[in-house]
>>> print(open('coords_16.txt').read())   # compact mmCIF, C-alpha atoms (C1' of nucleotides)
# COMPACT_ATOMS: atom_id res chain seq x y z
CA MET A 1 14.43 5.59 39.24
CA ASN A 2 12.27 8.04 37.32
CA SER A 3 12.36 8.22 33.55
CA GLN A 4 14.14 11.56 33.33
CA ASP A 5 17.03 10.32 35.39
CA ARG A 6 17.18 7.10 33.41
CA LEU A 7 17.44 9.09 30.20
CA ARG A 8 20.18 11.28 31.63
CA ASP A 9 22.05 8.29 33.04
CA HIS A 10 22.11 6.71 29.62
CA GLY A 11 23.41 9.85 27.96
CA LEU A 12 20.21 10.98 26.29
CA ARG A 13 18.72 14.46 26.44
CA VAL A 14 15.47 14.73 28.28
CA THR A 15 12.56 15.64 26.04
CA GLY A 16 8.81 15.33 26.37
CA THR A 17 8.54 12.63 23.77
CA ARG A 18 11.32 10.54 25.22
CA ILE A 19 9.81 10.69 28.68
CA ALA A 20 6.39 9.75 27.35
CA VAL A 21 7.71 6.82 25.33
CA LEU A 22 9.89 5.53 28.13
CA GLU A 23 7.06 5.67 30.65
CA LEU A 24 4.85 3.88 28.19
CA LEU A 25 7.37 1.09 27.69
CA ARG A 26 7.96 0.77 31.42
CA ALA A 27 4.25 0.56 32.12
CA SER A 28 3.67 -2.14 29.53
CA ASP A 29 3.99 -5.82 30.35
CA GLN A 30 4.77 -6.61 26.74
CA ALA A 31 6.94 -5.33 23.94
CA LEU A 32 5.42 -2.52 21.86
CA SER A 33 5.79 -1.81 18.18
CA GLN A 34 6.24 1.70 16.87
CA ALA A 35 2.65 1.56 15.67
CA ASP A 36 1.56 0.70 19.23
CA VAL A 37 3.44 3.71 20.53
CA GLU A 38 1.89 5.99 17.93
CA ARG A 39 -1.53 4.74 18.90
CA ALA A 40 -0.87 5.19 22.61
CA LEU A 41 0.59 8.67 22.24
CA PRO A 42 -1.36 10.31 19.46
CA ASP A 43 0.04 13.64 18.26
CA GLN A 44 2.95 13.28 20.61
CA ALA A 45 5.47 13.27 17.81
CA ASP A 46 6.21 12.60 14.18
CA ARG A 47 6.63 8.95 13.25
CA VAL A 48 10.23 9.55 12.27
CA THR A 49 10.91 10.98 15.69
CA LEU A 50 9.36 7.98 17.37
CA PHE A 51 11.45 5.76 15.14
CA ARG A 52 14.57 7.61 16.24
CA VAL A 53 13.56 7.67 19.89
CA LEU A 54 13.09 3.91 19.88
CA GLN A 55 16.35 3.51 18.01
CA ALA A 56 18.14 5.74 20.50
CA PHE A 57 16.67 3.77 23.42
CA GLU A 58 18.00 0.56 22.02
CA GLU A 59 21.46 1.97 21.46
CA ALA A 60 21.50 3.54 24.87
CA GLY A 61 20.44 0.34 26.59
CA LEU A 62 17.04 1.62 27.67
CA ALA A 63 15.01 -0.78 25.55
CA HIS A 64 15.41 -4.18 23.92
CA ARG A 65 14.40 -4.69 20.35
CA VAL A 66 12.66 -7.90 19.43
CA LEU A 67 10.84 -8.91 16.26
CA ASP A 68 7.28 -10.15 16.48
CA ALA A 69 5.83 -13.11 14.60
CA LYS A 70 5.49 -10.95 11.49
CA GLY A 71 9.00 -9.58 11.62
CA VAL A 72 7.97 -6.19 12.95
CA ALA A 73 10.21 -4.58 15.56
CA ARG A 74 8.90 -4.28 19.09
CA TYR A 75 10.53 -2.66 22.07
CA ALA A 76 10.52 -3.60 25.71
CA SER A 77 11.97 -1.56 28.52
CA CYS A 78 15.33 -2.92 29.65
CA ALA A 79 16.39 -4.16 33.02
CA PRO A 80 18.49 -1.53 34.85
CA SER A 81 21.57 -3.63 34.23
CA CYS A 82 21.51 -2.98 30.48
CA SER A 83 23.81 -0.38 29.08
CA SER A 84 24.82 1.07 25.76
CA GLY A 85 25.63 -1.82 23.50
CA HIS A 86 25.31 -4.34 26.31
CA HIS A 87 21.91 -5.89 26.51
CA HIS A 88 20.88 -8.70 28.80
CA ASP A 89 17.72 -9.82 27.13
CA VAL A 90 18.76 -13.41 27.26
CA HIS A 91 15.37 -14.88 27.94
CA PRO A 92 12.72 -16.56 25.83
CA HIS A 93 9.97 -14.55 24.19
CA PHE A 94 6.36 -15.52 23.77
CA ARG A 95 4.58 -14.32 20.65
CA CYS A 96 0.81 -14.38 20.67
CA THR A 97 -0.57 -15.36 17.30
CA GLU A 98 -3.95 -13.82 18.10
CA CYS A 99 -3.08 -10.29 19.23
CA GLY A 100 0.50 -10.16 18.00
CA GLY A 101 1.79 -9.39 21.45
CA VAL A 102 5.33 -10.21 22.53
CA TYR A 103 6.03 -11.13 26.14
CA CYS A 104 9.47 -11.44 27.70
CA LEU A 105 9.71 -14.59 29.77
CA GLU A 106 12.35 -13.28 32.13
CA SER A 107 12.20 -16.20 34.49
CA MET A 108 12.97 -18.90 31.95
CA SER A 109 16.46 -19.74 30.86
CA LEU A 110 17.71 -20.69 27.45
CA PRO A 111 18.80 -24.22 26.64
CA ALA A 112 22.41 -24.98 25.84
CA VAL A 113 23.00 -25.92 22.23
CA ARG A 114 25.67 -27.51 20.13
CA LEU A 115 26.22 -26.29 16.59
CA PRO A 116 27.50 -28.04 13.46
CA LYS A 117 31.18 -27.39 12.97
CA GLY A 118 32.05 -24.13 11.25
CA PHE A 119 29.20 -22.22 12.84
CA LYS A 120 29.94 -19.68 15.54
CA LEU A 121 27.25 -18.77 18.03
CA THR A 122 26.89 -15.24 19.37
CA ASN A 123 23.28 -15.14 20.39
CA SER A 124 20.28 -17.36 20.81
CA HIS A 125 16.57 -16.87 21.09
CA LEU A 126 13.90 -19.25 22.19
CA ASP A 127 10.66 -18.08 20.70
CA LEU A 128 7.38 -19.57 21.74
CA GLN A 129 4.13 -19.08 19.92
CA GLY A 130 0.55 -19.57 20.94
CA SER A 131 -2.18 -17.67 22.74
CA CYS A 132 -1.29 -15.27 25.52
CA LYS A 133 -3.02 -15.04 28.86
CA THR A 134 -5.50 -12.47 27.53
CA CYS A 135 -6.38 -14.24 24.30
CA ALA A 136 -6.46 -17.89 25.38
CA MET B 1 11.01 -37.48 -6.77
CA ASN B 2 11.33 -34.89 -9.48
CA SER B 3 9.96 -31.41 -9.06
CA GLN B 4 7.12 -31.77 -11.52
CA ASP B 5 5.73 -34.74 -9.71
CA ARG B 6 6.11 -33.03 -6.37
CA LEU B 7 4.11 -30.10 -7.66
CA ARG B 8 1.39 -32.39 -8.98
CA ASP B 9 1.32 -34.43 -5.79
CA HIS B 10 0.71 -31.30 -3.80
CA GLY B 11 -2.09 -30.14 -6.01
CA LEU B 12 -0.27 -27.42 -7.89
CA ARG B 13 -0.20 -26.91 -11.61
CA VAL B 14 3.13 -27.47 -13.25
CA THR B 15 4.60 -24.31 -14.73
CA GLY B 16 8.10 -23.28 -15.73
CA THR B 17 8.45 -20.79 -12.93
CA ARG B 18 7.28 -23.21 -10.27
CA ILE B 19 9.67 -25.87 -11.43
CA ALA B 20 12.55 -23.41 -11.50
CA VAL B 21 11.81 -22.08 -8.03
CA LEU B 22 11.30 -25.51 -6.53
CA GLU B 23 14.53 -26.82 -8.00
CA LEU B 24 16.30 -23.76 -6.68
CA LEU B 25 14.97 -24.28 -3.17
CA ARG B 26 15.77 -27.96 -3.25
CA ALA B 27 19.32 -27.29 -4.39
CA SER B 28 19.98 -24.73 -1.69
CA ASP B 29 21.30 -25.67 1.73
CA GLN B 30 19.71 -22.64 3.25
CA ALA B 31 16.44 -20.78 3.23
CA LEU B 32 16.07 -18.24 0.42
CA SER B 33 14.28 -14.92 0.43
CA GLN B 34 12.18 -13.77 -2.49
CA ALA B 35 14.98 -11.36 -3.37
CA ASP B 36 17.39 -14.32 -3.45
CA VAL B 37 15.11 -16.13 -5.84
CA GLU B 38 14.76 -13.09 -8.08
CA ARG B 39 18.52 -12.78 -8.20
CA ALA B 40 19.00 -16.47 -8.96
CA LEU B 41 16.34 -16.59 -11.66
CA PRO B 42 16.51 -13.25 -13.43
CA ASP B 43 13.68 -12.57 -15.88
CA GLN B 44 12.05 -15.82 -14.94
CA ALA B 45 8.94 -14.12 -13.64
CA ASP B 46 7.37 -11.02 -12.20
CA ARG B 47 8.01 -10.38 -8.54
CA VAL B 48 4.33 -10.76 -7.74
CA THR B 49 4.34 -14.16 -9.38
CA LEU B 50 7.35 -15.23 -7.36
CA PHE B 51 5.59 -13.98 -4.26
CA ARG B 52 2.56 -16.08 -5.11
CA VAL B 53 4.62 -19.11 -6.05
CA LEU B 54 6.39 -19.02 -2.72
CA GLN B 55 3.10 -18.47 -0.96
CA ALA B 56 1.54 -21.39 -2.80
CA PHE B 57 4.51 -23.60 -1.92
CA GLU B 58 4.05 -22.86 1.72
CA GLU B 59 0.34 -23.54 1.66
CA ALA B 60 0.85 -26.72 -0.32
CA GLY B 61 3.50 -28.03 2.06
CA LEU B 62 6.34 -27.76 -0.44
CA ALA B 63 8.30 -25.11 1.44
CA HIS B 64 8.66 -23.81 4.97
CA ARG B 65 8.54 -20.12 5.67
CA VAL B 66 10.94 -18.72 8.21
CA LEU B 67 11.85 -15.13 9.02
CA ASP B 68 15.48 -14.07 8.94
CA ALA B 69 17.21 -11.85 11.48
CA LYS B 70 15.69 -8.78 9.87
CA GLY B 71 12.18 -10.14 9.76
CA VAL B 72 12.27 -10.93 6.05
CA ALA B 73 10.59 -14.15 4.90
CA ARG B 74 12.78 -16.94 3.63
CA TYR B 75 11.74 -20.28 2.21
CA ALA B 76 13.30 -23.69 2.54
CA SER B 77 12.20 -26.79 0.70
CA CYS B 78 10.17 -29.09 2.93
CA ALA B 79 10.80 -32.65 3.91
CA PRO B 80 8.64 -35.04 1.86
CA SER B 81 6.49 -35.64 4.94
CA CYS B 82 5.09 -32.12 4.90
CA SER B 83 1.67 -31.56 3.44
CA SER B 84 -0.83 -28.81 2.94
CA GLY B 85 -1.25 -27.06 6.25
CA HIS B 86 0.86 -29.61 8.07
CA HIS B 87 4.47 -28.61 8.35
CA HIS B 88 7.13 -30.44 10.25
CA ASP B 89 9.76 -27.75 10.50
CA VAL B 90 10.22 -28.33 14.17
CA HIS B 91 13.92 -27.76 14.27
CA PRO B 92 16.16 -24.86 15.27
CA HIS B 93 17.25 -22.27 12.75
CA PHE B 94 20.61 -20.58 12.50
CA ARG B 95 20.66 -16.99 11.26
CA CYS B 96 23.96 -15.64 10.04
CA THR B 97 24.40 -12.01 11.00
CA GLU B 98 27.02 -11.48 8.31
CA CYS B 99 25.35 -12.77 5.15
CA GLY B 100 21.80 -12.94 6.43
CA GLY B 101 21.57 -16.63 5.62
CA VAL B 102 19.16 -18.94 7.41
CA TYR B 103 20.08 -22.58 7.94
CA CYS B 104 17.72 -25.28 9.14
CA LEU B 105 19.35 -27.38 11.83
CA GLU B 106 17.37 -30.51 11.16
CA SER B 107 19.38 -32.71 13.44
CA MET B 108 18.85 -30.69 16.59
CA SER B 109 15.77 -30.98 18.70
CA LEU B 110 13.89 -28.30 20.55
CA PRO B 111 13.99 -28.06 24.32
CA ALA B 112 10.87 -28.70 26.35
CA VAL B 113 9.50 -25.61 28.01
CA ARG B 114 7.06 -24.68 30.71
CA LEU B 115 4.96 -21.56 30.31
CA PRO B 116 3.47 -19.17 32.86
CA LYS B 117 -0.14 -20.05 33.54
CA GLY B 118 -2.68 -18.69 31.11
CA PHE B 119 -0.38 -19.07 28.12
CA LYS B 120 -1.04 -21.78 25.57
CA LEU B 121 1.79 -23.09 23.44
CA THR B 122 1.24 -24.13 19.85
CA ASN B 123 4.68 -23.74 18.37
CA SER B 124 8.23 -23.04 19.37
CA HIS B 125 11.34 -21.89 17.62
CA LEU B 126 14.92 -21.99 18.75
CA ASP B 127 16.77 -19.35 16.81
CA LEU B 128 20.52 -19.16 16.91
CA GLN B 129 22.56 -16.27 15.66
CA GLY B 130 26.20 -15.92 14.75
CA SER B 131 28.46 -16.54 11.78
CA CYS B 132 27.74 -19.38 9.41
CA LYS B 133 30.28 -21.84 8.08
CA THR B 134 31.03 -19.64 5.08
CA CYS B 135 31.38 -16.35 6.92
CA ALA B 136 33.13 -17.39 10.13
C1' DA C 1 19.48 35.15 32.63
C1' DT C 2 21.40 34.85 28.10
C1' DA C 3 24.14 33.48 24.33
C1' DT C 4 26.36 29.42 22.45
C1' DT C 5 26.47 24.65 20.89
C1' DA C 6 25.15 20.37 20.09
C1' DT C 7 21.06 17.42 19.72
C1' DT C 8 16.53 16.52 18.62
C1' DT C 9 12.62 17.21 15.83
C1' DG C 10 9.55 17.58 11.69
C1' DC C 11 9.07 17.24 6.99
C1' DA C 12 9.67 15.46 2.54
C1' DA C 13 11.21 11.81 0.27
C1' DC C 14 12.66 7.26 -0.71
C1' DA C 15 13.53 1.92 -0.13
C1' DT C 16 11.92 -2.64 0.54
C1' DG C 17 8.83 -6.21 1.36
C1' DG C 18 4.35 -7.55 1.23
C1' DT C 19 -0.25 -7.56 -0.97
C1' DT C 20 -4.70 -6.90 -3.92
C1' DG C 21 -7.60 -6.47 -8.28
C1' DC C 22 -8.07 -7.36 -12.75
C1' DA C 23 -7.38 -8.50 -17.47
C1' DT C 24 -4.50 -11.77 -20.11
C1' DT C 25 -2.36 -16.06 -20.80
C1' DA C 26 -1.51 -20.76 -20.10
C1' DA C 27 -2.36 -25.50 -17.99
C1' DT C 28 -5.59 -29.10 -17.18
C1' DT C 29 -10.10 -31.53 -18.43
C1' DA C 30 -13.72 -33.12 -20.87
C1' DT D 1 -9.58 -29.34 -29.76
C1' DA D 2 -12.87 -26.66 -27.01
C1' DA D 3 -14.12 -25.53 -22.43
C1' DT D 4 -12.73 -24.64 -17.89
C1' DT D 5 -9.95 -23.35 -14.29
C1' DA D 6 -5.81 -21.59 -12.47
C1' DA D 7 -1.43 -18.88 -13.09
C1' DT D 8 0.72 -14.74 -14.62
C1' DG D 9 1.89 -9.74 -15.39
C1' DC D 10 0.93 -5.23 -14.51
C1' DA D 11 -0.37 -1.28 -12.01
C1' DA D 12 -1.11 0.19 -7.80
C1' DC D 13 -1.23 0.34 -2.89
C1' DC D 14 0.15 -0.32 2.22
C1' DA D 15 3.35 -0.73 6.15
C1' DT D 16 7.71 -0.47 8.04
C1' DG D 17 12.09 1.21 7.90
C1' DT D 18 15.34 4.89 6.74
C1' DT D 19 17.96 9.28 5.10
C1' DG D 20 18.99 14.42 4.53
C1' DC D 21 18.32 18.77 5.87
C1' DA D 22 16.53 22.93 7.94
C1' DA D 23 14.10 24.59 12.11
C1' DA D 24 13.37 24.10 16.99
C1' DT D 25 14.93 22.94 21.47
C1' DA D 26 17.88 21.21 25.45
C1' DA D 27 22.17 21.46 27.72
C1' DT D 28 26.18 24.40 28.57
C1' DA D 29 29.15 28.11 29.25
C1' DT D 30 29.17 32.96 30.04
>>> encode(input="coords_16.txt", output="structure tokens")
Amino acid sequence: MNSQDRLRDHGLRVTGTRIAVLELLRASDQALSQADVERALPDQADRVTLFRVLQAFEEAGLAHRVLDAKGVARYASCAPSCSSGHHHDVHPHFRCTECGGVYCLESMSLPAVRLPKGFKLTNSHLDLQGSCKTCA
Amino acid sequence: MNSQDRLRDHGLRVTGTRIAVLELLRASDQALSQADVERALPDQADRVTLFRVLQAFEEAGLAHRVLDAKGVARYASCAPSCSSGHHHDVHPHFRCTECGGVYCLESMSLPAVRLPKGFKLTNSHLDLQGSCKTCA
DNA sequence: ATATTATTTGCAACATGGTTGCATTAATTA
DNA sequence: TAATTAATGCAACCATGTTGCAAATAATAT
């Protein structure tokens, strides 16, 4: 499905910036930070707008939000099955310590865990660090 | 071992602030952010000093550094076996989405993983989210 | 096509966490 | 106790994240 239709389907208005950002995310094999987006689309929009676009994408189920090794937010285009408030990014992430890149390891599954009593689990992340295929 | 000796053993000078921070970390059952430390030890020291104390602790192997669910650094007192540059914080962490707390789950072990080819693993983190024993 | 309306955008401004440089002060040592 | 070396406080800066509000634009109804 093209980006315009995906925006519409998720209840977002279609604007130049949103199309550009969504195409960028879809074309990338790794999660991008807002700074990455600004670099890739210079003069496309104000940084606040990009912030809000990314925020809107996450709320609308168009992009997952994941923190990199430094705690900075990065966004990866969602699978079609994601919807507003319902994300299915239940897969491990690989964080490259050289380039800072974040890769979604879609094919791997998360391990089952058992928590100490009193703790209630709602979400789990397996985060791997090392060198990515480009840096190693 | 008392905090002064631990500082000395790890090659750090003994100062009032360092003792206070180390005791605080050792007394806490969860990882503390710099803001937590400032709140717990008001007027003890400048925020830059606390920043550097925490930084020094990590480098010296006195405290682990772990990011909370918002990407903010938190510090937990190390096991005695940790040393400068050699940390043994290979255990899952639990991040409470209510209070922001980070708990080290020392007793759990990490799952073995297999990476796509080209990726080199140096470190892995299993991060669990939910409500902690106090908030649930 | 045009007017209406609801949303998105840009700008200014601020918050927080992280970080450096440098002069001053304090801890170790000789 | 003097000399040396490291820690501290302060001012200042950077990046990321975030809000309020007026101006511009997309969707909608006419």
>>> closest_residue(input="coords_16.txt", among="A:His93, A:Arg74, A:Arg114, A:Lys133", to="Gln55 (chain A)", atoms="only C-alpha atoms")
A:Arg74
>>> residues_around(input="coords_16.txt", residues="DC11 (chain C)", least_positions_apart="6", cutoff="12 Å", atoms="all atoms listed in the file", output="VMD selection string")
(chain A and resid 46 to 49) or (chain D and resid 20 to 23)
>>> write_last_selection(input="coords_16.txt", atoms="C-alpha atoms (C1' of nucleotides)", output="PDB file, in the coordinates of the input")
ATOM      1  CA  ASP A  46       6.210  12.600  14.180  1.00  0.00           C
ATOM      2  CA  ARG A  47       6.630   8.950  13.250  1.00  0.00           C
ATOM      3  CA  VAL A  48      10.230   9.550  12.270  1.00  0.00           C
ATOM      4  CA  THR A  49      10.910  10.980  15.690  1.00  0.00           C
TER       5      THR A  49
ATOM      6  C1'  DG D  20      18.990  14.420   4.530  1.00  0.00           C
ATOM      7  C1'  DC D  21      18.320  18.770   5.870  1.00  0.00           C
ATOM      8  C1'  DA D  22      16.530  22.930   7.940  1.00  0.00           C
ATOM      9  C1'  DA D  23      14.100  24.590  12.110  1.00  0.00           C
TER      10       DA D  23
END
>>> atom_distance(input="coords_16.txt", atom1="CA of Ser3 (chain B)", atom2="CA of Ser81 (chain B)")
15.0 Å
>>> atom_distance(input="coords_16.txt", atom1="CA of Leu32 (chain A)", atom2="CA of Asp68 (chain A)")
9.5 Å
>>> atom_distance(input="coords_16.txt", atom1="CA of Cys78 (chain A)", atom2="CA of Arg65 (chain A)")
9.5 Å
>>> closest_residue(input="coords_16.txt", among="B:Leu41, B:Val72, B:Thr17, B:Leu67", to="chain C", atoms="all atoms listed in the file")
B:Val72
>>> interface_residues(input="coords_16.txt", of="chain A", to="chain B", cutoff="10 Å", atoms="only C-alpha atoms", output="ChimeraX atom specification")
/A:66-73,92-97,105,107-136
>>> closest_residue(input="coords_16.txt", among="B:His88, B:Arg6, B:Arg52, B:Arg26", to="chain D", atoms="only C-alpha atoms (C1' of nucleotides)")
B:Arg52
>>> residues_around(input="coords_16.txt", residues="DA7 (chain D)", least_positions_apart="3", cutoff="12 Å", atoms="only C-alpha atoms (C1' of nucleotides)", output="number ranges by chain")
B: 12-18, 45-46, 48-50, 52-53, 56; C: 24-28
>>> write_last_selection(input="coords_16.txt", atoms="C-alpha atoms (C1' of nucleotides)", output="PDB file, in the coordinates of the input")
ATOM      1  CA  LEU B  12      -0.270 -27.420  -7.890  1.00  0.00           C
ATOM      2  CA  ARG B  13      -0.200 -26.910 -11.610  1.00  0.00           C
ATOM      3  CA  VAL B  14       3.130 -27.470 -13.250  1.00  0.00           C
ATOM      4  CA  THR B  15       4.600 -24.310 -14.730  1.00  0.00           C
ATOM      5  CA  GLY B  16       8.100 -23.280 -15.730  1.00  0.00           C
ATOM      6  CA  THR B  17       8.450 -20.790 -12.930  1.00  0.00           C
ATOM      7  CA  ARG B  18       7.280 -23.210 -10.270  1.00  0.00           C
ATOM      8  CA  ALA B  45       8.940 -14.120 -13.640  1.00  0.00           C
ATOM      9  CA  ASP B  46       7.370 -11.020 -12.200  1.00  0.00           C
ATOM     10  CA  VAL B  48       4.330 -10.760  -7.740  1.00  0.00           C
ATOM     11  CA  THR B  49       4.340 -14.160  -9.380  1.00  0.00           C
ATOM     12  CA  LEU B  50       7.350 -15.230  -7.360  1.00  0.00           C
ATOM     13  CA  ARG B  52       2.560 -16.080  -5.110  1.00  0.00           C
ATOM     14  CA  VAL B  53       4.620 -19.110  -6.050  1.00  0.00           C
ATOM     15  CA  ALA B  56       1.540 -21.390  -2.800  1.00  0.00           C
TER      16      ALA B  56
ATOM     17  C1'  DT C  24      -4.500 -11.770 -20.110  1.00  0.00           C
ATOM     18  C1'  DT C  25      -2.360 -16.060 -20.800  1.00  0.00           C
ATOM     19  C1'  DA C  26      -1.510 -20.760 -20.100  1.00  0.00           C
ATOM     20  C1'  DA C  27      -2.360 -25.500 -17.990  1.00  0.00           C
ATOM     21  C1'  DT C  28      -5.590 -29.100 -17.180  1.00  0.00           C
TER      22       DT C  28
END
>>> closest_residue(input="coords_16.txt", among="B:Gln44, B:Leu22, B:Ala79, B:Asp29", to="chain D", atoms="all atoms listed in the file")
B:Gln44
>>> closest_residue(input="coords_16.txt", among="A:Ser33, A:Leu24, A:Phe51, A:Cys104", to="chain C", atoms="all atoms listed in the file")
A:Phe51
>>> closest_residue(input="coords_16.txt", among="C:DT29, C:DA23, C:DA13, C:DT8", to="chain A", atoms="all atoms listed in the file")
C:DT8
>>> closest_atom_pairs(input="coords_16.txt", of="chain D", to="chain B", cutoff="9 Å", atoms="all atoms listed in the file", output="tab-separated table")
residue	atom	partner	partner_atom	distance
D:DA6	C1'	B:Arg13	CA	7.8
D:DA7	C1'	B:Arg13	CA	8.3
D:DT8	C1'	B:Thr49	CA	6.4
D:DG9	C1'	B:Asp46	CA	6.5
D:DC10	C1'	B:Asp46	CA	9.0
>>> axis_aligned_box(input="coords_16.txt", around="region 16-24 of chain C", padding_each_side="3 Å", output="lines of an AutoDock Vina configuration file")
center_x = 1.9
center_y = -7.2
center_z = -9.4
size_x = 26.0
size_y = 15.1
size_z = 27.5
>>> interface_residues(input="coords_16.txt", of="chain C", to="chain A", cutoff="9 Å", atoms="only C-alpha atoms (C1' of nucleotides)", output="compact mmCIF listing (two decimals) with C-alpha atoms (C1' of nucleotides), in the frame of the given file")
# COMPACT_ATOMS: atom_id res chain seq x y z
C1' DT C 7 21.06 17.42 19.72
C1' DT C 8 16.53 16.52 18.62
C1' DT C 9 12.62 17.21 15.83
C1' DG C 10 9.55 17.58 11.69
>>> residues_around(input="coords_16.txt", residues="DA15 (chain C)", least_positions_apart="4", cutoff="12 Å", atoms="all atoms listed in the file", output="ChimeraX atom specification")
/D:16-19
>>> residues_around(input="coords_16.txt", residues="DG21 (chain C)", least_positions_apart="4", cutoff="12 Å", atoms="all atoms listed in the file", output="MDAnalysis selection string")
chainID D and resid 10:13
